[in-house]
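**Student:** I have a structure I would like to understand better, so I am pasting it below and will then ask my questions one at a time.
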Amino acid sequence: MNMQRSQRMTARGEVIRLRLEGTLDASSSAQVSHACDEILASRPVELTLDLSGVSLIDSAGVGVIVSTYGRLRELNSLMTITGLRGQPRVVFDELKRFFKGERSGPKLV
Amino acid sequence: MIYLRLPASLAYRDVVMRVISGACALASSLREGVGAPLTDGPLEERVLSAVGEAFNNVVLHAYRGTHGEVAIEIEASAQQIEIRVIDFGVSFDPTHVPEPALEDLPESGMGLFIMRRCMDEVTYAPGPPNVLRMLKRIGETTQGEGVS
């Protein structure tokens with residue numbers, strides 16, 4: 001799993017973008033979880049997960065995203081997910097109910 | 001029938017995914033005839049999602065990190081693709097697996113949910129060997145009928 005992180009400072013605070021590339025599954029989820037831990041430590045106001053380079057995701061990968069979203073919510077921060085296509089799009093479409101229940105849930109772009 | 005037998009290790013997951021992709025391409029070509037695209041996006045994406053979860057379950061739950069083998073049988077036709085995932089690990093009763101409370105932001109337990117949603121039929125027969133059977137009809141948009 002390749003990851004590229006960038007950040008910019010806004011009037012609201014720090015906005016971080018994390019681009020993932022490869023397969024986000026049970027084998028790579030710990031690596032991504034660690035990267036998200038580091039990001040959360042800086043208490044960003046918003047995290048954008050760019051999944052345009054993710055070809056495959058499984059429930060372990062979704063679990064990392066859900067966990068990160070839950071902790072961002074505790075910080076009153078936002079999560080945006082961009083670049084969903086192919087198999088990851090299918091999985092997130094099936095999990096729509098999970099996002100629908102959240103009024104301020106991750107924004108899927 | 002396509003038959004695959006391999007160690008129950010996440011290191012072999014990509015091999016499984018590639019074979020499943022090939023089987024979906026085969027099913028699509030049987031349906032569409034020669035000259036059809038090599039892959040059928042929605043079919044392949046749904047079947048890959050379900051089989052990936054099934055393989056994870058065998059590695060992480062049935063064998064719980066111990067050594068073991070998993071066999072995968074694939075039957076592809078113009079009408080459907082049927083996959084059986086067979087293992088000799090610890091059985092589990094899918095009827096005792098509750099649907100995740102998605103509103104509570106679960107971080108685990110979504111594998112079976114994804115399988116149910118992506119396939120038309122999912123059944124499980126405890127063993128040994130344990131046999132998880134998944135079926136996807138081709139050309140239908142029906143959703144999963146659940147585990148029985």
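By convention in this document, the chains of the structure tokens carry letters A, B, ... by their order, each chain's residues are numbered from 1, and ligands are numbered from 1 in the order they are shown.
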Show me, as an mmCIF file with N, CA, C and O atoms, in the first residue's frame, the residues of chain A whose atoms get within 12 Å of chain B, using only C-alpha atoms for the distance check.
**Tutor:**
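Generated output (selection05.cif):
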data_model
loop_
_atom_site.group_PDB
_atom_site.id
_atom_site.type_symbol
_atom_site.label_atom_id
_atom_site.label_comp_id
_atom_site.auth_asym_id
_atom_site.auth_seq_id
_atom_site.Cartn_x
_atom_site.Cartn_y
_atom_site.Cartn_z
ATOM 1 N N GLY A 22 -3.268 1.055 -4.079
ATOM 2 C CA GLY A 22 -3.039 -0.383 -3.939
ATOM 3 C C GLY A 22 -4.279 -1.072 -3.408
ATOM 4 O O GLY A 22 -5.406 -0.668 -3.697
ATOM 5 N N THR A 23 -4.069 -2.100 -2.614
ATOM 6 C CA THR A 23 -5.160 -2.881 -2.046
ATOM 7 C C THR A 23 -5.282 -2.571 -0.559
ATOM 8 O O THR A 23 -4.308 -2.715 0.173
ATOM 9 N N LEU A 24 -6.467 -2.150 -0.149
ATOM 10 C CA LEU A 24 -6.710 -1.843 1.262
ATOM 11 C C LEU A 24 -7.481 -3.019 1.863
ATOM 12 O O LEU A 24 -8.698 -3.087 1.780
ATOM 13 N N ASP A 25 -6.738 -3.954 2.425
ATOM 14 C CA ASP A 25 -7.370 -5.178 2.920
ATOM 15 C C ASP A 25 -6.760 -5.594 4.260
ATOM 16 O O ASP A 25 -6.029 -4.826 4.894
ATOM 17 N N ALA A 26 -7.046 -6.817 4.662
ATOM 18 C CA ALA A 26 -6.582 -7.298 5.961
ATOM 19 C C ALA A 26 -5.053 -7.275 6.063
ATOM 20 O O ALA A 26 -4.507 -7.183 7.161
ATOM 21 N N SER A 27 -4.370 -7.345 4.919
ATOM 22 C CA SER A 27 -2.908 -7.330 4.941
ATOM 23 C C SER A 27 -2.331 -5.938 5.127
ATOM 24 O O SER A 27 -1.249 -5.781 5.680
ATOM 25 N N SER A 28 -3.021 -4.934 4.631
ATOM 26 C CA SER A 28 -2.472 -3.570 4.647
ATOM 27 C C SER A 28 -3.181 -2.637 5.617
ATOM 28 O O SER A 28 -2.759 -1.497 5.798
ATOM 29 N N SER A 29 -4.247 -3.111 6.242
ATOM 30 C CA SER A 29 -5.067 -2.208 7.066
ATOM 31 C C SER A 29 -4.277 -1.662 8.267
ATOM 32 O O SER A 29 -4.475 -0.504 8.669
ATOM 33 N N SER A 33 -3.906 2.153 9.218
ATOM 34 C CA SER A 33 -4.369 2.553 10.548
ATOM 35 C C SER A 33 -3.289 3.369 11.269
ATOM 36 O O SER A 33 -3.583 4.384 11.917
ATOM 37 N N SER A 55 -7.571 -0.214 -5.686
ATOM 38 C CA SER A 55 -8.222 -1.121 -6.636
ATOM 39 C C SER A 55 -9.130 -2.124 -5.941
ATOM 40 O O SER A 55 -10.053 -2.666 -6.552
ATOM 41 N N LEU A 56 -8.859 -2.391 -4.661
ATOM 42 C CA LEU A 56 -9.625 -3.406 -3.938
ATOM 43 C C LEU A 56 -9.684 -3.038 -2.464
ATOM 44 O O LEU A 56 -8.678 -2.611 -1.892
ATOM 45 N N ILE A 57 -10.857 -3.208 -1.867
ATOM 46 C CA ILE A 57 -10.989 -2.948 -0.428
ATOM 47 C C ILE A 57 -11.820 -4.078 0.172
ATOM 48 O O ILE A 57 -12.673 -4.654 -0.505
ATOM 49 N N ASP A 58 -11.546 -4.425 1.425
ATOM 50 C CA ASP A 58 -12.381 -5.418 2.101
ATOM 51 C C ASP A 58 -12.863 -4.851 3.427
ATOM 52 O O ASP A 58 -12.642 -3.672 3.732
ATOM 53 N N SER A 59 -13.538 -5.691 4.211
ATOM 54 C CA SER A 59 -14.159 -5.182 5.429
ATOM 55 C C SER A 59 -13.108 -4.674 6.427
ATOM 56 O O SER A 59 -13.385 -3.766 7.210
ATOM 57 N N ALA A 60 -11.906 -5.249 6.387
ATOM 58 C CA ALA A 60 -10.842 -4.757 7.282
ATOM 59 C C ALA A 60 -10.455 -3.331 6.883
ATOM 60 O O ALA A 60 -10.225 -2.472 7.745
ATOM 61 N N GLY A 61 -10.379 -3.079 5.586
ATOM 62 C CA GLY A 61 -10.077 -1.726 5.102
ATOM 63 C C GLY A 61 -11.181 -0.751 5.438
ATOM 64 O O GLY A 61 -10.922 0.376 5.880
ATOM 65 N N VAL A 62 -12.421 -1.203 5.262
ATOM 66 C CA VAL A 62 -13.549 -0.348 5.621
ATOM 67 C C VAL A 62 -13.514 -0.049 7.120
ATOM 68 O O VAL A 62 -13.774 1.069 7.556
ATOM 69 N N GLY A 63 -13.115 -1.072 7.909
ATOM 70 C CA GLY A 63 -13.047 -0.899 9.356
ATOM 71 C C GLY A 63 -12.090 0.207 9.765
ATOM 72 O O GLY A 63 -12.366 0.973 10.687
ATOM 73 N N VAL A 64 -10.955 0.295 9.088
ATOM 74 C CA VAL A 64 -9.987 1.359 9.388
ATOM 75 C C VAL A 64 -10.604 2.730 9.097
ATOM 76 O O VAL A 64 -10.457 3.675 9.875
ATOM 77 N N ILE A 65 -11.310 2.827 7.993
ATOM 78 C CA ILE A 65 -11.929 4.107 7.626
ATOM 79 C C ILE A 65 -13.012 4.478 8.635
ATOM 80 O O ILE A 65 -13.103 5.624 9.073
ATOM 81 N N VAL A 66 -13.808 3.479 9.013
ATOM 82 C CA VAL A 66 -14.873 3.734 9.979
ATOM 83 C C VAL A 66 -14.286 4.165 11.324
ATOM 84 O O VAL A 66 -14.759 5.118 11.962
ATOM 85 N N SER A 67 -13.237 3.476 11.754
ATOM 86 C CA SER A 67 -12.588 3.813 13.021
ATOM 87 C C SER A 67 -12.034 5.237 12.985
ATOM 88 O O SER A 67 -12.199 6.015 13.939
ATOM 89 N N THR A 68 -11.391 5.578 11.889
ATOM 90 C CA THR A 68 -10.806 6.920 11.756
ATOM 91 C C THR A 68 -11.914 7.971 11.738
ATOM 92 O O THR A 68 -11.800 9.028 12.374
ATOM 93 N N TYR A 69 -12.986 7.646 11.037
ATOM 94 C CA TYR A 69 -14.110 8.581 11.008
ATOM 95 C C TYR A 69 -14.676 8.808 12.417
ATOM 96 O O TYR A 69 -14.948 9.947 12.820
ATOM 97 N N GLY A 70 -14.828 7.711 13.164
ATOM 98 C CA GLY A 70 -15.372 7.840 14.512
ATOM 99 C C GLY A 70 -14.518 8.740 15.396
ATOM 100 O O GLY A 70 -15.030 9.558 16.168
ATOM 101 N N ARG A 71 -13.196 8.615 15.265
ATOM 102 C CA ARG A 71 -12.304 9.432 16.096
ATOM 103 C C ARG A 71 -12.265 10.882 15.610
ATOM 104 O O ARG A 71 -12.157 11.814 16.398
ATOM 105 N N ARG A 73 -14.806 12.351 14.375
ATOM 106 C CA ARG A 73 -16.076 12.903 14.854
ATOM 107 C C ARG A 73 -15.944 13.376 16.303
ATOM 108 O O ARG A 73 -16.512 14.393 16.686
ATOM 109 N N ARG A 85 -14.117 4.239 -7.024
ATOM 110 C CA ARG A 85 -14.440 3.672 -8.337
ATOM 111 C C ARG A 85 -14.247 2.163 -8.262
ATOM 112 O O ARG A 85 -13.582 1.653 -7.352
ATOM 113 N N GLY A 86 -14.838 1.476 -9.209
ATOM 114 C CA GLY A 86 -14.662 0.031 -9.294
ATOM 115 C C GLY A 86 -15.162 -0.701 -8.050
ATOM 116 O O GLY A 86 -16.202 -0.350 -7.484
ATOM 117 N N GLN A 87 -14.412 -1.699 -7.626
ATOM 118 C CA GLN A 87 -14.849 -2.547 -6.508
ATOM 119 C C GLN A 87 -15.049 -1.756 -5.215
ATOM 120 O O GLN A 87 -16.035 -1.974 -4.510
ATOM 121 N N PRO A 88 -14.153 -0.822 -4.859
ATOM 122 C CA PRO A 88 -14.422 -0.036 -3.641
ATOM 123 C C PRO A 88 -15.744 0.730 -3.718
ATOM 124 O O PRO A 88 -16.450 0.860 -2.715
ATOM 125 N N ARG A 89 -16.108 1.209 -4.894
ATOM 126 C CA ARG A 89 -17.388 1.912 -5.052
ATOM 127 C C ARG A 89 -18.540 0.959 -4.757
ATOM 128 O O ARG A 89 -19.510 1.318 -4.094
ATOM 129 N N VAL A 90 -18.439 -0.283 -5.245
ATOM 130 C CA VAL A 90 -19.486 -1.280 -4.989
ATOM 131 C C VAL A 90 -19.648 -1.512 -3.492
ATOM 132 O O VAL A 90 -20.765 -1.531 -2.956
ATOM 133 N N VAL A 91 -18.530 -1.671 -2.789
ATOM 134 C CA VAL A 91 -18.596 -1.935 -1.344
ATOM 135 C C VAL A 91 -19.216 -0.749 -0.605
ATOM 136 O O VAL A 91 -20.101 -0.915 0.240
ATOM 137 N N PHE A 92 -18.791 0.456 -0.929
ATOM 138 C CA PHE A 92 -19.337 1.625 -0.237
ATOM 139 C C PHE A 92 -20.805 1.847 -0.593
ATOM 140 O O PHE A 92 -21.579 2.296 0.244
ATOM 141 N N ASP A 93 -21.190 1.512 -1.819
ATOM 142 C CA ASP A 93 -22.604 1.612 -2.176
ATOM 143 C C ASP A 93 -23.439 0.672 -1.315
ATOM 144 O O ASP A 93 -24.542 0.998 -0.892
ATOM 145 N N GLU A 94 -22.899 -0.539 -1.067
ATOM 146 C CA GLU A 94 -23.636 -1.502 -0.244
ATOM 147 C C GLU A 94 -23.694 -1.071 1.220
ATOM 148 O O GLU A 94 -24.576 -1.491 1.956
ATOM 149 N N LEU A 95 -22.758 -0.240 1.624
ATOM 150 C CA LEU A 95 -22.716 0.214 3.018
ATOM 151 C C LEU A 95 -23.351 1.593 3.178
ATOM 152 O O LEU A 95 -23.185 2.243 4.205
ATOM 153 N N LYS A 96 -24.127 2.003 2.178
ATOM 154 C CA LYS A 96 -24.710 3.347 2.202
ATOM 155 C C LYS A 96 -25.503 3.621 3.476
ATOM 156 O O LYS A 96 -25.494 4.718 4.001
ATOM 157 N N ARG A 97 -26.173 2.572 3.929
ATOM 158 C CA ARG A 97 -27.032 2.740 5.094
ATOM 159 C C ARG A 97 -26.215 3.231 6.294
ATOM 160 O O ARG A 97 -26.678 3.999 7.126
ATOM 161 N N PHE A 98 -24.993 2.756 6.342
ATOM 162 C CA PHE A 98 -24.100 3.121 7.437
ATOM 163 C C PHE A 98 -23.766 4.608 7.385
ATOM 164 O O PHE A 98 -23.713 5.298 8.387
ATOM 165 N N PHE A 99 -23.637 5.132 6.185
ATOM 166 C CA PHE A 99 -23.346 6.550 6.059
ATOM 167 C C PHE A 99 -24.615 7.385 6.180
ATOM 168 O O PHE A 99 -24.599 8.481 6.696
ATOM 169 N N LYS A 100 -25.734 6.820 5.704
ATOM 170 C CA LYS A 100 -26.985 7.566 5.761
ATOM 171 C C LYS A 100 -27.415 7.859 7.191
ATOM 172 O O LYS A 100 -28.043 8.866 7.458
ATOM 173 N N GLY A 101 -27.076 6.937 8.098
ATOM 174 C CA GLY A 101 -27.485 7.125 9.485
ATOM 175 C C GLY A 101 -26.751 8.241 10.174
ATOM 176 O O GLY A 101 -27.090 8.658 11.277
ATOM 177 N N GLU A 102 -25.727 8.747 9.495
ATOM 178 C CA GLU A 102 -24.887 9.768 10.094
ATOM 179 C C GLU A 102 -25.172 11.106 9.440
ATOM 180 O O GLU A 102 -24.835 11.314 8.287
ATOM 181 N N ARG A 103 -25.767 11.995 10.170
ATOM 182 C CA ARG A 103 -26.097 13.286 9.564
ATOM 183 C C ARG A 103 -24.835 14.023 9.123
ATOM 184 O O ARG A 103 -24.823 14.712 8.117
ATOM 185 N N GLY A 105 -21.936 12.445 8.543
ATOM 186 C CA GLY A 105 -21.020 11.363 8.180
ATOM 187 C C GLY A 105 -20.040 11.755 7.117
ATOM 188 O O GLY A 105 -20.078 12.860 6.591
ATOM 189 N N PRO A 106 -19.133 10.836 6.781
ATOM 190 C CA PRO A 106 -18.149 11.132 5.767
ATOM 191 C C PRO A 106 -18.832 11.528 4.467
ATOM 192 O O PRO A 106 -19.825 10.931 4.083
#
**Student:** Please return, as a count of residues only, all residues of chain A that DSSP assigns to strand (DSSP E or B) on the basis of the backbone.
**Tutor:** 38
**Student:** Would you pick out the contacts of Tyr3 (chain B) at 10 Å or less, using only C-alpha atoms, so that residues sharing its chain but fewer than 3 positions from it are not included, and give the list as a VMD selection string?
**Tutor:** chain B and resid 19 71 to 75 83 to 84
**Student:** Separation of CA of Met1 (chain B) and CA of Gly89 (chain B), in Å?
**Tutor:**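 Taking CA of Met1 (chain B) as the start and CA of Gly89 (chain B) as the end point, the length is 23.7 Å.
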**Student:** Fewer than 4 positions away in the same chain doesn't count, so skip those; otherwise give me all residues within 6 Å of Ala8 (chain B), counting only C-alpha atoms, as a count of residues only.
**Tutor:** 4
**Student:** One decimal, Å: what's the distance from CA of Leu49 (chain A) over to CA of Thr82 (chain A), could you say?
**Tutor:**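 Straight-line distance from CA of Leu49 (chain A) to CA of Thr82 (chain A) works out to 6.2 Å.
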**Student:** Report the distance between CA of Cys36 (chain A) and CA of Arg12 (chain A) in Å, rounded to one decimal place.
**Tutor:**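 We find that CA of Cys36 (chain A) and CA of Arg12 (chain A) lie 20.0 Å from each other.
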**Student:** Determine, counting only C-alpha atoms, which protein, DNA and RNA residues have an atom within 12 Å of an atom of Ser77 (chain B); residues of the same chain fewer than 2 positions away are not included. Present the result as a list in words.
**Tutor:**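 Residues near the query, excluding close chain neighbours: Met1, Ile2, Ala23, Cys24, Ala25, Leu26, Ala27, Ser28, Ser29, Leu30, Arg31, Glu32, Gly33, Ile74, Glu75, Gln79, Gln80, Ile81, Glu82, Ile83, Leu135, Lys136, Arg137, Ile138 and Gly139 of chain B.
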**Student:** Restricting the output to N, CA, C and O atoms, write the selected residues as an mmCIF file, in the first residue's frame.
**Tutor:**
data_model
loop_
_atom_site.group_PDB
_atom_site.id
_atom_site.type_symbol
_atom_site.label_atom_id
_atom_site.label_comp_id
_atom_site.auth_asym_id
_atom_site.auth_seq_id
_atom_site.Cartn_x
_atom_site.Cartn_y
_atom_site.Cartn_z
ATOM 1 N N MET B 1 -14.815 -27.391 -14.158
ATOM 2 C CA MET B 1 -14.705 -26.697 -12.873
ATOM 3 C C MET B 1 -13.261 -26.229 -12.656
ATOM 4 O O MET B 1 -12.318 -26.932 -13.011
ATOM 5 N N ILE B 2 -13.124 -25.068 -12.099
ATOM 6 C CA ILE B 2 -11.801 -24.566 -11.717
ATOM 7 C C ILE B 2 -11.589 -24.956 -10.255
ATOM 8 O O ILE B 2 -12.467 -24.717 -9.414
ATOM 9 N N ALA B 23 -12.237 -16.151 -13.744
ATOM 10 C CA ALA B 23 -13.481 -16.916 -13.827
ATOM 11 C C ALA B 23 -14.643 -16.014 -14.232
ATOM 12 O O ALA B 23 -15.526 -16.426 -14.992
ATOM 13 N N CYS B 24 -14.649 -14.789 -13.724
ATOM 14 C CA CYS B 24 -15.713 -13.841 -14.102
ATOM 15 C C CYS B 24 -15.601 -13.490 -15.587
ATOM 16 O O CYS B 24 -16.608 -13.372 -16.291
ATOM 17 N N ALA B 25 -14.367 -13.334 -16.052
ATOM 18 C CA ALA B 25 -14.160 -13.053 -17.476
ATOM 19 C C ALA B 25 -14.650 -14.227 -18.318
ATOM 20 O O ALA B 25 -15.264 -14.039 -19.373
ATOM 21 N N LEU B 26 -14.396 -15.442 -17.826
ATOM 22 C CA LEU B 26 -14.855 -16.636 -18.534
ATOM 23 C C LEU B 26 -16.382 -16.653 -18.604
ATOM 24 O O LEU B 26 -16.970 -16.899 -19.660
ATOM 25 N N ALA B 27 -17.024 -16.387 -17.466
ATOM 26 C CA ALA B 27 -18.492 -16.388 -17.438
ATOM 27 C C ALA B 27 -19.048 -15.334 -18.388
ATOM 28 O O ALA B 27 -20.030 -15.576 -19.103
ATOM 29 N N SER B 28 -18.413 -14.181 -18.412
ATOM 30 C CA SER B 28 -18.878 -13.108 -19.299
ATOM 31 C C SER B 28 -18.720 -13.509 -20.758
ATOM 32 O O SER B 28 -19.610 -13.259 -21.576
ATOM 33 N N SER B 29 -17.604 -14.150 -21.069
ATOM 34 C CA SER B 29 -17.389 -14.526 -22.472
ATOM 35 C C SER B 29 -18.347 -15.632 -22.887
ATOM 36 O O SER B 29 -18.785 -15.696 -24.033
ATOM 37 N N LEU B 30 -18.688 -16.523 -21.938
ATOM 38 C CA LEU B 30 -19.659 -17.573 -22.256
ATOM 39 C C LEU B 30 -21.028 -16.961 -22.553
ATOM 40 O O LEU B 30 -21.778 -17.445 -23.385
ATOM 41 N N ARG B 31 -21.307 -15.873 -21.860
ATOM 42 C CA ARG B 31 -22.607 -15.217 -22.053
ATOM 43 C C ARG B 31 -22.622 -14.362 -23.316
ATOM 44 O O ARG B 31 -23.587 -14.368 -24.069
ATOM 45 N N GLU B 32 -21.543 -13.642 -23.512
ATOM 46 C CA GLU B 32 -21.520 -12.668 -24.606
ATOM 47 C C GLU B 32 -20.925 -13.245 -25.891
ATOM 48 O O GLU B 32 -21.060 -12.637 -26.945
ATOM 49 N N GLY B 33 -20.240 -14.361 -25.792
ATOM 50 C CA GLY B 33 -19.616 -14.931 -26.965
ATOM 51 C C GLY B 33 -18.204 -14.412 -27.164
ATOM 52 O O GLY B 33 -17.724 -13.561 -26.412
ATOM 53 N N ILE B 74 -14.762 -23.382 -8.396
ATOM 54 C CA ILE B 74 -15.473 -22.343 -9.145
ATOM 55 C C ILE B 74 -16.137 -22.984 -10.361
ATOM 56 O O ILE B 74 -15.473 -23.684 -11.135
ATOM 57 N N GLU B 75 -17.419 -22.754 -10.495
ATOM 58 C CA GLU B 75 -18.123 -23.208 -11.692
ATOM 59 C C GLU B 75 -18.747 -21.994 -12.355
ATOM 60 O O GLU B 75 -19.619 -21.338 -11.775
ATOM 61 N N GLN B 79 -24.942 -18.458 -17.250
ATOM 62 C CA GLN B 79 -26.065 -18.032 -16.400
ATOM 63 C C GLN B 79 -25.633 -17.605 -14.992
ATOM 64 O O GLN B 79 -26.305 -16.787 -14.354
ATOM 65 N N GLN B 80 -24.566 -18.188 -14.506
ATOM 66 C CA GLN B 80 -24.203 -17.918 -13.110
ATOM 67 C C GLN B 80 -22.763 -18.294 -12.828
ATOM 68 O O GLN B 80 -22.127 -18.982 -13.620
ATOM 69 N N ILE B 81 -22.299 -17.826 -11.698
ATOM 70 C CA ILE B 81 -20.988 -18.264 -11.222
ATOM 71 C C ILE B 81 -21.174 -18.733 -9.779
ATOM 72 O O ILE B 81 -21.785 -18.034 -8.964
ATOM 73 N N GLU B 82 -20.711 -19.952 -9.533
ATOM 74 C CA GLU B 82 -20.859 -20.544 -8.198
ATOM 75 C C GLU B 82 -19.472 -20.827 -7.637
ATOM 76 O O GLU B 82 -18.612 -21.369 -8.334
ATOM 77 N N ILE B 83 -19.288 -20.438 -6.394
ATOM 78 C CA ILE B 83 -17.984 -20.603 -5.747
ATOM 79 C C ILE B 83 -18.183 -21.306 -4.410
ATOM 80 O O ILE B 83 -19.054 -20.921 -3.628
ATOM 81 N N LEU B 135 -23.334 -17.942 -4.705
ATOM 82 C CA LEU B 135 -23.792 -17.988 -6.092
ATOM 83 C C LEU B 135 -24.199 -16.599 -6.559
ATOM 84 O O LEU B 135 -24.863 -15.858 -5.827
ATOM 85 N N LYS B 136 -23.747 -16.261 -7.743
ATOM 86 C CA LYS B 136 -24.141 -14.995 -8.354
ATOM 87 C C LYS B 136 -24.726 -15.285 -9.728
ATOM 88 O O LYS B 136 -24.062 -15.896 -10.579
ATOM 89 N N ARG B 137 -25.980 -14.881 -9.907
ATOM 90 C CA ARG B 137 -26.588 -15.046 -11.225
ATOM 91 C C ARG B 137 -26.127 -13.906 -12.120
ATOM 92 O O ARG B 137 -25.948 -12.772 -11.652
ATOM 93 N N ILE B 138 -25.964 -14.206 -13.376
ATOM 94 C CA ILE B 138 -25.442 -13.200 -14.299
ATOM 95 C C ILE B 138 -26.600 -12.534 -15.030
ATOM 96 O O ILE B 138 -27.536 -13.203 -15.476
ATOM 97 N N GLY B 139 -26.515 -11.230 -15.087
ATOM 98 C CA GLY B 139 -27.565 -10.492 -15.792
ATOM 99 C C GLY B 139 -28.739 -10.149 -14.920
ATOM 100 O O GLY B 139 -29.757 -9.676 -15.394
#
**Student:** Looking only at the backbone, which of the residues in region 2-109 of chain A does DSSP tag as helix (DSSP H, G or I), as a ChimeraX atom specification?
**Tutor:** /A:29-41,59-74,86-94,96-100
